[in-house]
Amino acid sequence: MQLAQFSDFMTWFRRSRLEMPKLLEIEPARGCNLRCVMCHVPTMKEKTQFIDIDALDRHTKNVRGCHVIIGSEYEPTIHPEFEKLLRLSIDRGWKVDFLTNGTNLHRYDPALLADVGFHVFNASFDGFSKGSFERIRRGADYDRTMENILRAAEIARSAGAYTAINATILRSNLHETELLPGNRTVT
């Protein structure tokens with residue numbers, strides 16, 4: 001939806017006397033910095049696109065205190081103004097569900113991350129060993145990403161957020177699932 005159409009929709013929405021949205025999903029970027037083997041992004045023909053954060057700010061100026069999902073299909077931290085989006089979420093008092101591959105989290109000040117109203121911090125971390133992780137998450141560094149995720153998860157957890165790791169199990173890493181806590185293979 002283009003911004004003019006969105007503006008028309010919001011005008012209609014306000015006149016209809018419906019309540020403001022309780023949940024917004026914001027996809028800051030349409031692209032990714034990785035080329036994971038199971039993902040649709042490597043097959044995309046379009047160039048990476050970014051949402052205009054200033055326009056988002058203008059169009060959501062009355063949306064406060066709601067639940068916001070940042071990133072669900074693409075990697076949000078590749079947006080060149082991602083820090084500005086984090087500050088916007090703080091200013092608006094949004095309760096943030098955040099999904100990331102974790103590779104860029106070292107770029108952001110821990111104090112800024114602590115101020116974000118994380119409700120859920122979710123990181124994608126596929127593979128249970130360095131070899132399988134880097135084979136699946138093409139372009140990622142296992143050690144750096146692990147460090148980033150652990151640091152950000154601790155920040156989010158200390159603020160009361162639910163933290164989670166999601167992992168894709170593929171034929172190539174199925175044998176590693178025995179390494180999962182509480183999942184010991186009986187022989």
# chains A, B, ... in the order shown; residues from 1 in each chain; ligands from 1
call {"tool": "closest_atom_pairs", "arguments": {"of": "range 22-41 of chain A", "to": "range 91-108 of chain A", "cutoff": "10 Å", "atoms": "only C-alpha atoms", "output": "Markdown table"}}
result
| residue | atom | partner | partner_atom | distance |
| --- | --- | --- | --- | --- |
| A:Leu23 | CA | A:Lys95 | CA | 9.4 |
| A:Leu24 | CA | A:Trp94 | CA | 9.6 |
| A:Glu25 | CA | A:Asp97 | CA | 9.2 |
| A:Ile26 | CA | A:Phe98 | CA | 9.9 |
| A:Cys32 | CA | A:Asn101 | CA | 9.2 |
| A:Asn33 | CA | A:Thr103 | CA | 8.5 |
| A:Leu34 | CA | A:Asn101 | CA | 8.6 |
call {"tool": "closest_residue", "arguments": {"among": "A:Ala159, A:Leu56, A:Ala29, A:Ala140", "to": "Val116 in chain A", "atoms": "only C-alpha atoms"}}
result
A:Ala159
call {"tool": "closest_residue", "arguments": {"among": "A:Leu86, A:Thr163, A:Leu174, A:Glu19", "to": "Pro110 in chain A", "atoms": "only C-alpha atoms"}}
result
A:Leu86
call {"tool": "closest_residue", "arguments": {"among": "A:Ile78, A:Ile90, A:Ile155, A:Ile136", "to": "Arg35 in chain A", "atoms": "only C-alpha atoms"}}
result
A:Ile136
call {"tool": "select_by_dssp", "arguments": {"residues": "range 5-136 of chain A", "states": "strand (DSSP E)", "output": "ChimeraX atom specification"}}
result
/A:23-26,29-30,49-50,67-70,95-100,118-124
call {"tool": "select_by_dssp", "arguments": {"residues": "chain A", "states": "alpha helix (DSSP H)", "output": "NGL selection string"}}
result
:A and (3-15 or 53-59 or 82-92 or 110-115 or 130-136 or 142-158)
call {"tool": "closest_residue", "arguments": {"among": "A:Thr11, A:Ser16, A:Ser72, A:Ser124", "to": "Thr168 in chain A", "atoms": "only C-alpha atoms"}}
result
A:Ser124
call {"tool": "atom_distance", "arguments": {"atom1": "CA of Ser172 in chain A", "atom2": "CA of Lys45 in chain A"}}
result
26.9 Å
call {"tool": "atom_distance", "arguments": {"atom1": "CA of Asn148 in chain A", "atom2": "CA of Gln49 in chain A"}}
result
24.6 Å
call {"tool": "decode", "arguments": {"residues": "range 91-106 of chain A", "atoms": "all heavy atoms", "output": "short mmCIF file (atom, residue, chain, number, x, y, z; two decimals), in the first residue's frame"}}
result
data_model
loop_
_atom_site.label_atom_id
_atom_site.label_comp_id
_atom_site.auth_asym_id
_atom_site.auth_seq_id
_atom_site.Cartn_x
_atom_site.Cartn_y
_atom_site.Cartn_z
N ASP A 91 9.76 6.23 21.89
CA ASP A 91 8.96 7.45 22.03
C ASP A 91 7.47 7.16 22.06
O ASP A 91 6.71 7.84 22.75
CB ASP A 91 9.26 8.44 20.90
CG ASP A 91 10.67 9.00 20.97
OD1 ASP A 91 11.32 8.89 22.03
OD2 ASP A 91 11.13 9.55 19.95
N ARG A 92 7.04 6.16 21.30
CA ARG A 92 5.61 5.84 21.20
C ARG A 92 5.15 4.87 22.29
O ARG A 92 3.97 4.57 22.39
CB ARG A 92 5.28 5.24 19.83
CG ARG A 92 5.56 6.17 18.68
CD ARG A 92 4.46 7.24 18.57
NE ARG A 92 4.88 8.39 17.83
CZ ARG A 92 5.06 8.49 16.54
NH1 ARG A 92 4.85 7.45 15.76
NH2 ARG A 92 5.44 9.62 15.99
N GLY A 93 6.07 4.33 23.04
CA GLY A 93 5.70 3.38 24.08
C GLY A 93 5.18 2.06 23.52
O GLY A 93 4.36 1.39 24.14
N TRP A 94 5.68 1.69 22.35
CA TRP A 94 5.23 0.45 21.73
C TRP A 94 5.81 -0.75 22.46
O TRP A 94 6.97 -0.74 22.89
CB TRP A 94 5.66 0.39 20.27
CG TRP A 94 4.96 1.38 19.38
CD1 TRP A 94 3.78 2.05 19.64
CD2 TRP A 94 5.38 1.83 18.09
NE1 TRP A 94 3.46 2.87 18.58
CE2 TRP A 94 4.42 2.74 17.62
CE3 TRP A 94 6.47 1.53 17.30
CZ2 TRP A 94 4.52 3.37 16.38
CZ3 TRP A 94 6.58 2.15 16.06
CH2 TRP A 94 5.61 3.05 15.61
N LYS A 95 5.02 -1.79 22.60
CA LYS A 95 5.47 -3.08 23.12
C LYS A 95 5.94 -3.88 21.91
O LYS A 95 5.15 -4.22 21.05
CB LYS A 95 4.33 -3.79 23.84
CG LYS A 95 3.84 -3.04 25.07
CD LYS A 95 2.60 -3.74 25.61
CE LYS A 95 1.51 -2.83 26.04
NZ LYS A 95 1.01 -1.81 25.20
N VAL A 96 7.22 -4.14 21.83
CA VAL A 96 7.83 -4.63 20.61
C VAL A 96 8.11 -6.14 20.64
O VAL A 96 8.75 -6.63 21.57
CB VAL A 96 9.15 -3.87 20.33
CG1 VAL A 96 9.88 -4.42 19.12
CG2 VAL A 96 8.88 -2.38 20.16
N ASP A 97 7.63 -6.83 19.61
CA ASP A 97 8.06 -8.19 19.29
C ASP A 97 9.07 -8.02 18.17
O ASP A 97 8.78 -7.39 17.16
CB ASP A 97 6.91 -9.05 18.78
CG ASP A 97 5.99 -9.53 19.89
OD1 ASP A 97 6.09 -9.03 21.01
OD2 ASP A 97 5.15 -10.40 19.59
N PHE A 98 10.24 -8.59 18.36
CA PHE A 98 11.35 -8.34 17.43
C PHE A 98 11.94 -9.66 16.98
O PHE A 98 12.30 -10.50 17.80
CB PHE A 98 12.39 -7.49 18.16
CG PHE A 98 13.62 -7.18 17.38
CD1 PHE A 98 13.55 -6.58 16.14
CD2 PHE A 98 14.87 -7.46 17.90
CE1 PHE A 98 14.70 -6.27 15.43
CE2 PHE A 98 16.02 -7.16 17.21
CZ PHE A 98 15.93 -6.57 15.97
N LEU A 99 12.02 -9.84 15.67
CA LEU A 99 12.62 -11.03 15.08
C LEU A 99 13.81 -10.62 14.24
O LEU A 99 13.69 -9.74 13.37
CB LEU A 99 11.60 -11.78 14.21
CG LEU A 99 12.12 -13.01 13.45
CD1 LEU A 99 12.64 -14.07 14.41
CD2 LEU A 99 11.03 -13.58 12.57
N THR A 100 14.96 -11.25 14.49
CA THR A 100 16.20 -10.89 13.80
C THR A 100 17.06 -12.12 13.58
O THR A 100 16.92 -13.12 14.30
CB THR A 100 17.00 -9.85 14.62
OG1 THR A 100 18.21 -9.52 13.94
CG2 THR A 100 17.33 -10.35 16.02
N ASN A 101 17.99 -12.02 12.65
CA ASN A 101 18.98 -13.08 12.51
C ASN A 101 20.18 -12.82 13.42
O ASN A 101 21.08 -13.65 13.54
CB ASN A 101 19.41 -13.28 11.05
CG ASN A 101 20.13 -12.10 10.45
OD1 ASN A 101 20.83 -11.34 11.11
ND2 ASN A 101 19.96 -11.92 9.15
N GLY A 102 20.22 -11.67 14.06
CA GLY A 102 21.22 -11.37 15.08
C GLY A 102 22.57 -10.92 14.59
O GLY A 102 23.42 -10.52 15.39
N THR A 103 22.81 -10.94 13.31
CA THR A 103 24.15 -10.65 12.80
C THR A 103 24.57 -9.19 12.96
O THR A 103 25.77 -8.91 13.03
CB THR A 103 24.28 -11.04 11.32
OG1 THR A 103 23.29 -10.33 10.57
CG2 THR A 103 24.12 -12.54 11.12
N ASN A 104 23.62 -8.27 13.04
CA ASN A 104 23.96 -6.84 13.10
C ASN A 104 23.75 -6.22 14.48
O ASN A 104 23.93 -5.01 14.63
CB ASN A 104 23.10 -6.06 12.10
CG ASN A 104 23.42 -6.42 10.67
OD1 ASN A 104 24.56 -6.71 10.35
ND2 ASN A 104 22.41 -6.41 9.82
N LEU A 105 23.40 -6.99 15.47
CA LEU A 105 23.05 -6.42 16.77
C LEU A 105 24.21 -5.71 17.46
O LEU A 105 23.99 -4.84 18.30
CB LEU A 105 22.45 -7.49 17.68
CG LEU A 105 21.11 -8.03 17.22
CD1 LEU A 105 20.68 -9.20 18.10
CD2 LEU A 105 20.05 -6.93 17.23
N HIS A 106 25.44 -6.05 17.11
CA HIS A 106 26.61 -5.38 17.71
C HIS A 106 26.66 -3.89 17.33
O HIS A 106 27.36 -3.12 17.98
CB HIS A 106 27.90 -6.08 17.28
CG HIS A 106 28.13 -6.07 15.81
ND1 HIS A 106 27.50 -6.95 14.95
CD2 HIS A 106 28.89 -5.26 15.03
CE1 HIS A 106 27.88 -6.70 13.72
NE2 HIS A 106 28.72 -5.68 13.73
#
